[in-house]
$ cat entry.cif   # mmCIF, C-alpha atoms
data_run
#
loop_
_atom_site.label_atom_id
_atom_site.label_comp_id
_atom_site.auth_asym_id
_atom_site.auth_seq_id
_atom_site.Cartn_x
_atom_site.Cartn_y
_atom_site.Cartn_z
CA MET O 1 11.95 41.58 1.63
CA PRO O 2 13.85 44.79 0.85
CA LEU O 3 16.19 44.87 -2.11
CA LEU O 4 19.78 45.85 -1.49
CA ASN O 5 22.30 46.90 -4.11
CA LYS O 6 19.90 46.40 -7.02
CA VAL O 7 21.79 46.43 -10.31
CA ARG O 8 19.68 43.87 -12.12
CA THR O 9 19.08 44.29 -15.85
CA ALA O 10 17.63 40.97 -16.92
CA ALA O 11 15.30 38.41 -15.48
CA SER O 12 16.93 35.72 -13.43
CA GLY O 13 16.72 32.16 -14.53
CA GLY O 14 16.57 33.04 -18.21
CA SER O 15 19.17 33.10 -20.92
CA GLY O 16 20.73 36.18 -19.34
CA GLY O 17 21.46 34.25 -16.18
CA ASP O 18 22.97 31.38 -18.18
CA THR O 19 25.15 33.81 -20.10
CA ALA O 20 26.31 35.42 -16.86
CA ALA O 21 27.13 32.04 -15.34
CA ARG O 22 29.23 31.09 -18.37
CA SER O 23 30.93 34.48 -18.33
CA LEU O 24 31.82 34.15 -14.64
CA SER O 25 33.07 30.60 -15.19
CA ARG O 26 35.38 31.78 -17.97
CA LEU O 27 36.60 34.71 -15.88
CA ARG O 28 37.30 32.43 -12.95
CA SER O 29 39.25 29.99 -15.12
CA ALA O 30 41.27 32.77 -16.76
CA LEU O 31 42.14 34.37 -13.42
CA THR O 32 43.10 31.00 -11.98
CA LEU O 33 45.54 30.61 -14.86
CA PHE O 34 47.07 34.03 -14.14
CA PHE O 35 47.56 33.15 -10.46
CA ALA O 36 49.27 29.90 -11.46
CA LEU O 37 51.40 31.73 -14.04
CA ASP O 38 52.53 34.26 -11.44
CA GLY O 39 53.74 31.52 -9.10
CA PHE O 40 55.30 29.54 -11.96
CA LEU O 41 57.36 32.45 -13.30
CA PHE O 42 58.52 33.66 -9.90
CA ALA O 43 59.60 30.18 -8.77
CA GLY O 44 61.34 29.60 -12.10
CA TRP O 45 63.45 32.71 -11.51
CA VAL O 46 64.21 31.82 -7.88
CA VAL O 47 65.74 28.42 -8.69
CA ARG O 48 68.18 30.09 -11.12
CA ILE O 49 69.47 32.67 -8.62
CA PRO O 50 72.65 30.65 -7.85
CA ALA O 51 73.53 30.40 -11.56
CA VAL O 52 72.88 34.11 -12.14
CA LYS O 53 75.00 34.95 -9.09
CA GLU O 54 77.90 33.03 -10.57
CA GLN O 55 77.36 34.56 -13.99
CA THR O 56 77.45 38.12 -12.66
CA GLY O 57 80.37 37.48 -10.30
CA ALA O 58 78.35 38.88 -7.41
CA SER O 59 79.40 38.35 -3.82
CA ALA O 60 76.81 37.37 -1.24
CA GLY O 61 76.47 41.00 -0.22
CA ASP O 62 76.18 42.18 -3.83
CA LEU O 63 73.49 39.60 -4.51
CA GLY O 64 71.56 40.64 -1.43
CA LEU O 65 71.55 44.25 -2.59
CA ALA O 66 70.54 43.25 -6.11
CA LEU O 67 67.68 41.14 -4.80
CA LEU O 68 66.37 44.18 -2.96
CA GLY O 69 65.46 45.40 -6.44
CA VAL O 70 62.63 42.86 -6.54
CA SER O 71 61.31 44.05 -3.20
CA ALA O 72 61.66 47.74 -3.98
CA GLY O 73 60.02 47.41 -7.39
CA ALA O 74 57.16 45.36 -5.98
CA VAL O 75 56.39 47.60 -3.02
CA VAL O 76 56.47 50.82 -5.07
CA THR O 77 54.27 49.36 -7.80
CA MET O 78 51.77 47.85 -5.36
CA THR O 79 51.03 51.30 -3.97
CA LEU O 80 50.28 52.59 -7.50
CA THR O 81 48.47 49.64 -9.04
CA GLY O 82 45.25 50.26 -7.10
CA ARG O 83 44.92 53.62 -8.85
CA LEU O 84 45.64 52.07 -12.23
CA CYS O 85 42.96 49.44 -11.62
CA ARG O 86 40.40 52.11 -10.78
CA ARG O 87 41.27 54.05 -13.92
CA TYR O 88 41.77 51.29 -16.50
CA GLY O 89 40.13 48.29 -14.85
CA SER O 90 41.76 45.40 -13.03
CA HIS O 91 41.41 43.09 -16.04
CA ALA O 92 43.44 45.28 -18.38
CA VAL O 93 46.09 45.89 -15.72
CA THR O 94 46.34 42.15 -15.01
CA VAL O 95 47.01 41.38 -18.68
CA ALA O 96 49.51 44.24 -19.08
CA THR O 97 51.50 43.27 -15.99
CA ALA O 98 51.45 39.59 -17.01
CA VAL O 99 53.09 40.55 -20.30
CA LEU O 100 55.68 42.67 -18.47
CA LEU O 101 56.37 39.87 -15.97
CA SER O 102 56.83 37.34 -18.77
CA LEU O 103 59.23 39.60 -20.64
CA SER O 104 61.22 40.72 -17.60
CA VAL O 105 61.86 37.23 -16.22
CA THR O 106 64.47 36.72 -18.93
CA LEU O 107 66.39 39.92 -18.14
CA PRO O 108 68.43 38.68 -15.14
CA ALA O 109 70.07 36.01 -17.31
CA LEU O 110 71.29 38.71 -19.71
CA THR O 111 73.18 40.69 -17.07
CA ARG O 112 76.91 40.50 -16.39
CA SER O 113 77.28 42.69 -13.30
CA PRO O 114 75.55 43.03 -9.92
CA LEU O 115 74.50 46.60 -10.75
CA ALA O 116 72.82 45.55 -13.98
CA LEU O 117 71.15 42.67 -12.16
CA GLY O 118 69.72 45.00 -9.53
CA LEU O 119 68.35 47.36 -12.19
CA VAL O 120 66.55 44.65 -14.18
CA LEU O 121 65.20 43.16 -10.95
CA LEU O 122 63.53 46.51 -10.29
CA VAL O 123 61.55 45.95 -13.50
CA PHE O 124 60.81 42.33 -12.61
CA GLY O 125 59.71 43.33 -9.10
CA ALA O 126 57.48 46.09 -10.48
CA ALA O 127 55.71 43.59 -12.74
CA TYR O 128 55.42 41.06 -9.92
CA GLY O 129 53.91 43.57 -7.50
CA GLY O 130 51.58 44.96 -10.15
CA ILE O 131 50.11 41.64 -11.22
CA ASN O 132 49.55 40.57 -7.62
CA VAL O 133 47.42 43.62 -6.84
CA ALA O 134 45.59 43.60 -10.19
CA MET O 135 44.66 39.93 -10.26
CA ASN O 136 43.62 39.96 -6.59
CA SER O 137 41.39 42.96 -7.33
CA ALA O 138 39.85 41.10 -10.25
CA ALA O 139 39.43 38.01 -8.07
CA VAL O 140 37.57 40.03 -5.41
CA ASP O 141 35.07 41.07 -8.09
CA VAL O 142 34.55 37.46 -9.20
CA VAL O 143 34.15 36.30 -5.59
CA THR O 144 31.53 39.00 -5.05
CA ALA O 145 29.59 38.03 -8.18
CA LEU O 146 29.73 34.30 -7.47
CA ARG O 147 28.59 34.80 -3.88
CA ARG O 148 30.97 32.03 -2.84
CA PRO O 149 34.28 32.30 -0.92
CA VAL O 150 36.49 31.02 -3.75
CA MET O 151 39.46 33.32 -3.09
CA PRO O 152 41.55 30.49 -1.54
CA GLY O 153 41.25 28.57 -4.81
CA PHE O 154 43.02 31.37 -6.67
CA HIS O 155 45.84 31.38 -4.15
CA ALA O 156 46.03 27.59 -4.34
CA ALA O 157 46.70 28.01 -8.06
CA PHE O 158 49.57 30.35 -7.21
CA SER O 159 51.02 27.75 -4.84
CA LEU O 160 50.64 24.97 -7.40
CA GLY O 161 52.26 27.13 -10.06
CA GLY O 162 55.16 27.83 -7.72
CA MET O 163 55.64 24.15 -6.96
CA LEU O 164 55.58 23.32 -10.68
CA GLY O 165 57.98 26.15 -11.52
CA ALA O 166 60.43 25.15 -8.81
CA GLY O 167 60.26 21.45 -9.66
CA LEU O 168 60.68 21.99 -13.38
CA GLY O 169 63.45 24.49 -12.80
CA GLY O 170 65.30 22.03 -10.62
CA LEU O 171 65.10 19.39 -13.33
CA LEU O 172 66.29 21.77 -16.05
CA ALA O 173 69.01 23.49 -14.04
CA GLY O 174 71.63 20.88 -14.93
CA SER O 175 70.92 20.79 -18.65
CA LEU O 176 69.90 24.33 -19.62
CA SER O 177 71.71 27.62 -19.20
CA PRO O 178 69.92 30.33 -17.23
CA THR O 179 69.35 32.24 -20.46
CA ALA O 180 67.69 29.31 -22.22
CA HIS O 181 65.61 28.41 -19.18
CA LEU O 182 64.36 31.92 -18.44
CA LEU O 183 63.72 32.59 -22.13
CA GLY O 184 61.58 29.47 -22.13
CA LEU O 185 59.66 30.89 -19.19
CA THR O 186 59.09 34.07 -21.18
CA LEU O 187 57.62 32.10 -24.08
CA VAL O 188 55.38 30.09 -21.77
CA GLY O 189 54.23 33.24 -20.00
CA LEU O 190 53.39 35.07 -23.23
CA ALA O 191 51.60 32.01 -24.62
CA LEU O 192 49.42 31.57 -21.53
CA THR O 193 48.73 35.30 -21.40
CA GLY O 194 47.66 35.08 -25.03
CA VAL O 195 45.19 32.35 -24.10
CA ALA O 196 43.76 33.84 -20.91
CA GLY O 197 44.22 37.56 -21.58
CA PRO O 198 41.48 37.95 -24.21
CA VAL O 199 38.96 36.43 -21.80
CA LEU O 200 39.67 39.17 -19.27
CA LEU O 201 39.72 41.91 -21.89
CA ARG O 202 36.42 40.80 -23.45
CA HIS O 203 34.57 40.63 -20.14
CA PRO O 204 34.37 43.66 -17.86
CA SER O 205 34.36 43.35 -14.12
CA PRO O 206 31.16 41.49 -13.14
CA VAL O 207 30.48 43.81 -10.19
CA PRO O 208 30.62 47.62 -10.36
CA SER O 209 32.63 49.33 -7.65
CA GLU O 210 29.49 50.66 -5.99
CA ALA O 211 28.14 47.12 -5.73
CA LEU O 212 31.22 46.11 -3.80
CA SER O 213 30.89 48.84 -1.24
CA ALA O 214 27.14 49.02 -0.67
CA PRO O 215 26.68 45.88 1.42
CA VAL O 216 29.73 46.71 3.49
CA ALA O 217 28.42 50.15 4.19
CA ALA O 218 25.27 48.55 5.58
CA SER O 219 27.20 46.43 8.09
CA GLY O 220 30.45 48.23 8.80
CA PRO O 221 32.36 51.47 8.26
CA ARG O 222 31.54 53.40 5.12
CA PRO O 223 34.22 53.25 2.37
CA GLY O 224 36.61 56.19 2.36
CA THR O 225 36.11 57.07 6.02
CA PRO O 226 38.87 56.90 8.64
CA ALA O 227 37.11 53.87 10.15
CA SER O 228 37.21 51.99 6.85
CA ARG O 229 40.87 52.86 6.32
CA ARG O 230 41.68 51.56 9.80
CA THR O 231 39.82 48.36 9.00
CA VAL O 232 41.76 47.87 5.77
CA LEU O 233 45.00 48.44 7.70
CA LEU O 234 43.86 45.83 10.20
CA PHE O 235 43.34 43.26 7.45
CA GLY O 236 46.67 44.25 5.94
CA THR O 237 48.35 43.68 9.30
CA ILE O 238 46.75 40.22 9.46
CA ALA O 239 48.23 39.52 6.02
CA LEU O 240 51.63 40.79 7.26
CA CYS O 241 51.58 38.47 10.27
CA THR O 242 51.00 35.39 8.12
CA ALA O 243 53.36 36.37 5.30
CA TYR O 244 56.07 36.88 7.94
CA GLY O 245 55.80 33.15 8.65
CA GLU O 246 56.05 32.20 4.99
CA GLY O 247 59.21 34.22 4.51
CA ALA O 248 60.76 32.96 7.74
CA LEU O 249 60.17 29.29 6.97
CA ALA O 250 61.37 29.66 3.39
CA ASP O 251 64.74 31.05 4.49
CA TRP O 252 65.31 29.53 7.94
CA GLY O 253 63.35 26.29 8.14
CA ALA O 254 65.99 24.07 6.54
CA LEU O 255 68.78 25.66 8.60
CA HIS O 256 66.85 25.01 11.80
CA LEU O 257 66.48 21.33 10.88
CA THR O 258 70.17 20.87 10.05
CA GLN O 259 71.77 23.13 12.64
CA ASP O 260 69.56 22.54 15.68
CA LEU O 261 68.18 19.04 15.02
CA HIS O 262 71.08 17.64 12.95
CA ALA O 263 68.83 16.47 10.12
CA HIS O 264 70.25 15.00 6.93
CA PRO O 265 70.45 17.72 4.23
CA GLY O 266 67.91 15.88 2.09
CA VAL O 267 65.43 15.70 4.96
CA ALA O 268 66.05 19.33 5.85
CA ALA O 269 65.39 20.38 2.27
CA ALA O 270 61.98 18.72 2.55
CA GLY O 271 61.01 21.00 5.43
CA TYR O 272 59.78 23.88 3.32
CA SER O 273 58.30 21.48 0.77
CA VAL O 274 56.13 19.96 3.49
CA PHE O 275 55.03 23.43 4.57
CA ALA O 276 54.25 24.49 0.98
CA LEU O 277 52.39 21.26 0.24
CA THR O 278 50.08 21.50 3.23
CA MET O 279 49.48 25.18 2.51
CA THR O 280 48.40 24.24 -1.01
CA VAL O 281 46.11 21.51 0.30
CA GLY O 282 44.62 23.95 2.80
CA ARG O 283 43.90 26.47 0.06
CA LEU O 284 42.35 23.85 -2.22
CA SER O 285 39.90 23.05 0.57
CA GLY O 286 39.54 26.69 1.60
CA THR O 287 36.23 27.36 -0.14
CA ALA O 288 34.53 24.45 1.61
CA LEU O 289 36.06 25.53 4.91
CA LEU O 290 34.88 29.11 4.52
CA GLU O 291 31.39 28.01 3.56
CA ARG O 292 31.23 25.83 6.67
CA LEU O 293 32.89 28.10 9.23
CA GLY O 294 32.66 31.60 7.79
CA GLN O 295 35.50 34.06 7.45
CA THR O 296 35.97 35.09 11.08
CA ARG O 297 36.11 31.53 12.40
CA THR O 298 38.46 30.56 9.57
CA LEU O 299 40.83 33.41 10.49
CA VAL O 300 40.75 32.56 14.19
CA ALA O 301 41.09 28.81 13.72
CA GLY O 302 43.81 29.23 11.12
CA GLY O 303 45.87 31.57 13.29
CA ALA O 304 45.53 29.34 16.33
CA THR O 305 46.45 26.23 14.34
CA ALA O 306 49.49 27.93 12.81
CA ALA O 307 50.63 29.17 16.22
CA ALA O 308 50.43 25.66 17.71
CA GLY O 309 52.15 24.14 14.68
CA MET O 310 55.00 26.62 14.74
CA LEU O 311 55.61 26.17 18.45
CA LEU O 312 55.98 22.47 17.74
CA GLY O 313 58.17 23.12 14.69
CA ALA O 314 60.48 25.50 16.57
CA LEU O 315 60.77 23.69 19.90
CA ALA O 316 60.36 20.01 19.01
CA PRO O 317 63.29 17.82 20.06
CA THR O 318 63.18 15.58 16.97
CA VAL O 319 63.28 16.15 13.23
CA TRP O 320 60.02 14.36 12.49
CA ALA O 321 58.12 16.27 15.15
CA ALA O 322 59.48 19.52 13.69
CA LEU O 323 58.36 18.46 10.20
CA LEU O 324 54.91 17.74 11.59
CA GLY O 325 54.91 21.22 13.10
CA PHE O 326 55.83 22.75 9.73
CA ALA O 327 53.00 20.81 8.09
CA VAL O 328 50.45 22.01 10.66
CA THR O 329 51.72 25.57 10.27
CA GLY O 330 51.11 25.40 6.52
CA LEU O 331 47.54 24.24 7.04
CA GLY O 332 46.90 27.01 9.54
CA LEU O 333 48.34 29.84 7.45
CA ALA O 334 46.83 28.63 4.17
CA ASN O 335 43.67 30.71 4.04
CA ILE O 336 44.47 33.69 6.26
CA PHE O 337 46.20 35.78 3.59
CA PRO O 338 43.50 35.17 0.91
CA VAL O 339 40.71 36.03 3.36
CA ALA O 340 42.46 39.18 4.57
CA VAL O 341 43.02 40.42 1.01
CA ALA O 342 39.46 39.55 0.00
CA ARG O 343 37.97 41.42 2.95
CA ALA O 344 40.15 44.47 2.33
CA GLY O 345 39.14 44.43 -1.32
CA ALA O 346 35.45 44.02 -0.53
CA LEU O 347 35.66 47.05 1.74
CA ALA O 348 37.83 49.39 -0.33
CA GLY O 349 38.15 47.91 -3.83
CA PRO O 350 41.54 47.88 -5.60
CA GLY O 351 42.94 50.37 -3.10
CA GLY O 352 42.15 47.97 -0.28
CA VAL O 353 43.78 45.10 -2.14
CA ALA O 354 46.86 47.25 -2.77
CA THR O 355 47.16 48.20 0.91
CA ALA O 356 46.71 44.64 2.19
CA SER O 357 49.06 43.21 -0.44
CA THR O 358 51.76 45.79 0.27
CA LEU O 359 51.63 45.11 3.99
CA GLY O 360 51.57 41.37 3.38
CA TYR O 361 54.55 41.52 1.06
CA GLY O 362 56.30 43.68 3.63
CA GLY O 363 55.79 40.90 6.16
CA MET O 364 57.41 38.39 3.83
CA LEU O 365 60.40 40.73 3.53
CA LEU O 366 60.49 41.46 7.25
CA GLY O 367 60.48 37.83 8.36
CA PRO O 368 63.88 36.53 7.24
CA PRO O 369 66.08 39.41 8.51
CA SER O 370 64.11 39.60 11.77
CA ILE O 371 64.65 35.90 12.38
CA GLY O 372 68.36 36.38 11.65
CA PHE O 373 68.79 39.20 14.15
CA LEU O 374 66.84 37.36 16.84
CA ALA O 375 68.82 34.18 16.21
CA ASP O 376 72.05 36.11 16.83
CA TRP O 377 70.72 37.57 20.06
CA PHE O 378 69.02 34.43 21.41
CA SER O 379 68.81 31.23 19.33
CA LEU O 380 67.19 30.15 16.06
CA PRO O 381 64.45 28.07 17.76
CA THR O 382 63.58 31.04 19.96
CA ALA O 383 63.54 33.34 16.94
CA LEU O 384 61.17 31.01 15.09
CA THR O 385 58.65 31.23 17.91
CA THR O 386 57.93 34.78 16.71
CA VAL O 387 56.13 33.14 13.77
CA ALA O 388 53.81 31.48 16.29
CA ALA O 389 53.35 34.76 18.16
CA LEU O 390 52.35 36.66 15.02
CA ALA O 391 50.03 33.86 13.90
CA ALA O 392 48.30 34.05 17.28
CA GLY O 393 48.13 37.82 16.84
CA ALA O 394 46.46 37.33 13.46
CA ALA O 395 43.85 35.11 15.13
CA VAL O 396 43.13 37.78 17.75
CA MET O 397 42.88 40.54 15.13
CA GLY O 398 40.62 38.35 13.00
CA TYR O 399 38.27 37.99 15.94
CA LEU O 400 38.36 41.70 16.75
CA ALA O 401 37.54 42.49 13.11
CA ARG O 402 34.50 40.19 13.07
CA GLU O 403 32.11 43.14 12.71
CA ALA O 404 34.51 45.79 11.41
CA GLY O 405 33.61 45.83 7.74
CA ALA O 406 33.16 42.06 7.80
CA THR O 407 31.70 40.65 4.66
CA GLY O 408 30.63 37.25 3.55
CA ALA O 409 31.77 35.33 0.54
CA ALA O 410 30.62 37.99 -1.80
CA GLY O 411 30.25 41.13 0.20
CA GLU O 412 27.13 40.27 2.19
CA PRO O 413 27.16 41.12 5.89
CA LEU O 414 28.50 38.65 8.39
CA THR O 415 26.95 37.88 11.72
CA ALA O 416 29.04 38.29 14.84
CA GLY O 417 30.07 34.69 14.59
CA GLY O 418 31.53 35.25 11.17
CA ARG O 419 28.90 33.40 9.12
CA SER O 420 27.17 35.00 6.18
CA GLY O 421 23.70 36.26 6.78
CA ALA O 422 20.85 34.82 4.80
CA GLY O 423 20.82 36.14 1.30
CA ARG O 424 20.98 35.22 -2.34
CA ALA O 425 22.26 36.79 -5.52
CA VAL O 426 20.83 36.99 -8.99
CA ILE O 427 23.40 37.60 -11.70
CA SER O 428 22.31 38.62 -15.14
CA THR O 429 23.73 40.21 -18.24
CA VAL O 430 22.73 42.41 -21.11
CA GLY O 431 25.26 42.30 -23.88
CA THR O 432 28.63 42.07 -22.18
CA GLY O 433 27.71 43.63 -18.84
CA ALA O 434 27.04 41.50 -15.80
CA SER O 435 24.99 42.66 -12.85
CA VAL O 436 24.16 41.58 -9.35
CA GLU O 437 21.05 41.85 -7.25
CA SER O 438 21.34 41.02 -3.56
CA THR O 439 18.24 40.29 -1.58
CA ALA O 440 17.99 40.09 2.18
CA GLU O 441 15.61 37.45 3.42
#

$ encode --input "entry.cif" --output "structure tokens"
Amino acid sequence: MPLLNKVRTAASGGSGGDTAARSLSRLRSALTLFFALDGFLFAGWVVRIPAVKEQTGASAGDLGLALLGVSAGAVVTMTLTGRLCRRYGSHAVTVATAVLLSLSVTLPALTRSPLALGLVLLVFGAAYGGINVAMNSAAVDVVTALRRPVMPGFHAAFSLGGMLGAGLGGLLAGSLSPTAHLLGLTLVGLALTGVAGPVLLRHPSPVPSEALSAPVAASGPRPGTPASRRTVLLFGTIALCTAYGEGALADWGALHLTQDLHAHPGVAAAGYSVFALTMTVGRLSGTALLERLGQTRTLVAGGATAAAGMLLGALAPTVWAALLGFAVTGLGLANIFPVAVARAGALAGPGGVATASTLGYGGMLLGPPSIGFLADWFSLPTALTTVAALAAGAAVMGYLAREAGATGAAGEPLTAGGRSGAGRAVISTVGTGASVESTAE
């Protein structure tokens, strides 16, 4: 049995293996906390947008321009964070951007004009984009070392953090000023970073960059080649197609239920909640699903399920059928984005994560205005069917990419059907360094 990607420095099964297992467990827990914190802080800011709008005296147009600061800051920083991760390590960049995100979430409440709001949102968006690339890069390393497809679990933590942040923010909105609320979020963010940050800083990445790329090179395009860059762009486009649906449902789902199906406002407000809840459930079960089906089949099944669900959600004649469609769409989209980012990262490291994340975030920004323009030209239900079309497109691209740099849960080659080939990993440590040995059987 030939050895592939041998980086072993201690005998497996001994104390070194136990130390590595504990180290990986701590890293996984710390990263999960950062994903949850990211969702918590962002949702906490979002629920206070109406109060900040009133405080700054911004018109709807002024607010829209100011909110572009978040998008601009995030997109610019995402393109740079991959380089920072390669130079300083994804763990250090994750901690630094978490501190910046925690500090900057308070800034919007301190502004008194739309211009000032837009400027501070540039900082907030930069921190938000940076932490998303850095922590996803760190998560790809942990997934590779664990040899299990646990990436959906990290994204489930983000969803749970967002639900908690939005729910808590809604409860506090009537009793706390935006300044007090967002300052509280800063304190929570710094406290949690103080707990989880040292874990990341004490433990280096468990898999060297060459360990990430070696198995992929054996089964797909070599890293750094035009073929590998095209493959990363393909995974990024898959992420874009699914994030488009998230953005569209967040902004237009409730309006569709009230305007086209005449739902009660309370029922309409539950539309996105149903979608977000089923997406969270899908991500919590994502590891088991990936282990059973493999990545390619998960992408194809998820895209097809989301397409069917969104067709029902957009064209259903009753409110409850539309809500069922939203729920099915959430289940279908749940694991596509995490898998796309993980595969891009396994192929091209932090740069791949940055590319896929930037394209995915672009899809979330593209969705709402595209739906608006199409709704003006045709109708809102017709416009929402584009979510189904892009989800179906993601399924097709996932199938076409089944051998293009496809990797298993931890970077091992996939068969044409999308399942991991036979293999095992031995993880060991000497001092603080972890290592991986992959063996093909």

$ resolve_selection --input "entry.cif" --expression "the PyMOL selection byres ((chain O and resi 95) around 10)" --output "list of chain:residue names"
O:Phe34, O:Ser90, O:His91, O:Ala92, O:Val93, O:Thr94, O:Ala96, O:Thr97, O:Ala98, O:Val99, O:Leu100, O:Leu101, O:Ile131, O:Ala134, O:Met135, O:Thr193, O:Gly194, O:Ala196, O:Gly197, O:Pro198, O:Val199, O:Leu200, O:Leu201

$ write_last_selection --input "entry.cif" --atoms "C-alpha atoms" --output "PDB file, in the frame of the given file"
ATOM      1  CA  PHE O  34      47.070  34.030 -14.140  1.00  0.00           C
ATOM      2  CA  SER O  90      41.760  45.400 -13.030  1.00  0.00           C
ATOM      3  CA  HIS O  91      41.410  43.090 -16.040  1.00  0.00           C
ATOM      4  CA  ALA O  92      43.440  45.280 -18.380  1.00  0.00           C
ATOM      5  CA  VAL O  93      46.090  45.890 -15.720  1.00  0.00           C
ATOM      6  CA  THR O  94      46.340  42.150 -15.010  1.00  0.00           C
ATOM      7  CA  ALA O  96      49.510  44.240 -19.080  1.00  0.00           C
ATOM      8  CA  THR O  97      51.500  43.270 -15.990  1.00  0.00           C
ATOM      9  CA  ALA O  98      51.450  39.590 -17.010  1.00  0.00           C
ATOM     10  CA  VAL O  99      53.090  40.550 -20.300  1.00  0.00           C
ATOM     11  CA  LEU O 100      55.680  42.670 -18.470  1.00  0.00           C
ATOM     12  CA  LEU O 101      56.370  39.870 -15.970  1.00  0.00           C
ATOM     13  CA  ILE O 131      50.110  41.640 -11.220  1.00  0.00           C
ATOM     14  CA  ALA O 134      45.590  43.600 -10.190  1.00  0.00           C
ATOM     15  CA  MET O 135      44.660  39.930 -10.260  1.00  0.00           C
ATOM     16  CA  THR O 193      48.730  35.300 -21.400  1.00  0.00           C
ATOM     17  CA  GLY O 194      47.660  35.080 -25.030  1.00  0.00           C
ATOM     18  CA  ALA O 196      43.760  33.840 -20.910  1.00  0.00           C
ATOM     19  CA  GLY O 197      44.220  37.560 -21.580  1.00  0.00           C
ATOM     20  CA  PRO O 198      41.480  37.950 -24.210  1.00  0.00           C
ATOM     21  CA  VAL O 199      38.960  36.430 -21.800  1.00  0.00           C
ATOM     22  CA  LEU O 200      39.670  39.170 -19.270  1.00  0.00           C
ATOM     23  CA  LEU O 201      39.720  41.910 -21.890  1.00  0.00           C
TER      24      LEU O 201
END

$ residues_around --input "entry.cif" --residues "Ala116 in chain O" --least-positions-apart "5" --cutoff "9 Å" --atoms "all atoms listed in the file" --output "VMD selection string"
chain O and resid 56 66 108 111 121

$ resolve_selection --input "entry.cif" --expression "the PyMOL selection byres ((chain O and resi 271) around 12)" --output "JSON, numbers by chain"
{"O": [249, 250, 251, 252, 253, 254, 255, 256, 257, 258, 263, 264, 265, 266, 267, 268, 269, 270, 272, 273, 274, 275, 276, 277, 278, 313, 319, 320, 321, 322, 323, 324, 325, 326, 327, 328, 329, 330]}

$ atom_distance --input "entry.cif" --atom1 "CA of Leu27 in chain O" --atom2 "CA of Phe154 in chain O"
11.7 Å

$ resolve_selection --input "entry.cif" --expression "the PyMOL selection byres ((chain O and resi 311) around 9)" --output "compact mmCIF listing (two decimals) with C-alpha atoms, in the coordinates of the input"
# COMPACT_ATOMS: atom_id res chain seq x y z
CA ALA O 306 49.49 27.93 12.81
CA ALA O 307 50.63 29.17 16.22
CA ALA O 308 50.43 25.66 17.71
CA GLY O 309 52.15 24.14 14.68
CA MET O 310 55.00 26.62 14.74
CA LEU O 312 55.98 22.47 17.74
CA GLY O 313 58.17 23.12 14.69
CA ALA O 314 60.48 25.50 16.57
CA LEU O 315 60.77 23.69 19.90
CA ALA O 316 60.36 20.01 19.01
CA GLY O 325 54.91 21.22 13.10
CA LEU O 384 61.17 31.01 15.09
CA THR O 385 58.65 31.23 17.91
CA VAL O 387 56.13 33.14 13.77
CA ALA O 388 53.81 31.48 16.29
CA ALA O 389 53.35 34.76 18.16

$ residues_near_point --input "entry.cif" --point "(62.8, 43.9, -3.8)" --cutoff "12 Å" --atoms "all atoms listed in the file" --output "NGL selection string"
:O and (63-78 or 117-129 or 358 or 361-362 or 364-366)

$ residues_around --input "entry.cif" --residues "range 182-186 of chain O" --least-positions-apart "3" --cutoff "9 Å" --atoms "all atoms listed in the file" --output "MDAnalysis selection string"
chainID O and resid 40:41 44:45 48 99 101:109 177:179 189:191

$ closest_residue --input "entry.cif" --among "O:Gly247, O:Pro152, O:Pro206, O:Gly169" --to "Asn136 in chain O" --atoms "all atoms listed in the file"
O:Pro152

$ atom_distance --input "entry.cif" --atom1 "CA of Thr287 in chain O" --atom2 "CA of Thr19 in chain O"
23.7 Å

$ atom_distance --input "entry.cif" --atom1 "CA of Leu240 in chain O" --atom2 "CA of Gln259 in chain O"
27.3 Å

$ residues_near_point --input "entry.cif" --point "(47.7, 37.9, 13.3)" --cutoff "8 Å" --atoms "all atoms listed in the file" --output "list in words"
Thr237, Ile238, Ala239, Leu240, Cys241, Thr242, Gly303, Leu390, Ala391, Ala392, Gly393, Ala394, Ala395, Val396, Met397 and Gly398 of chain O
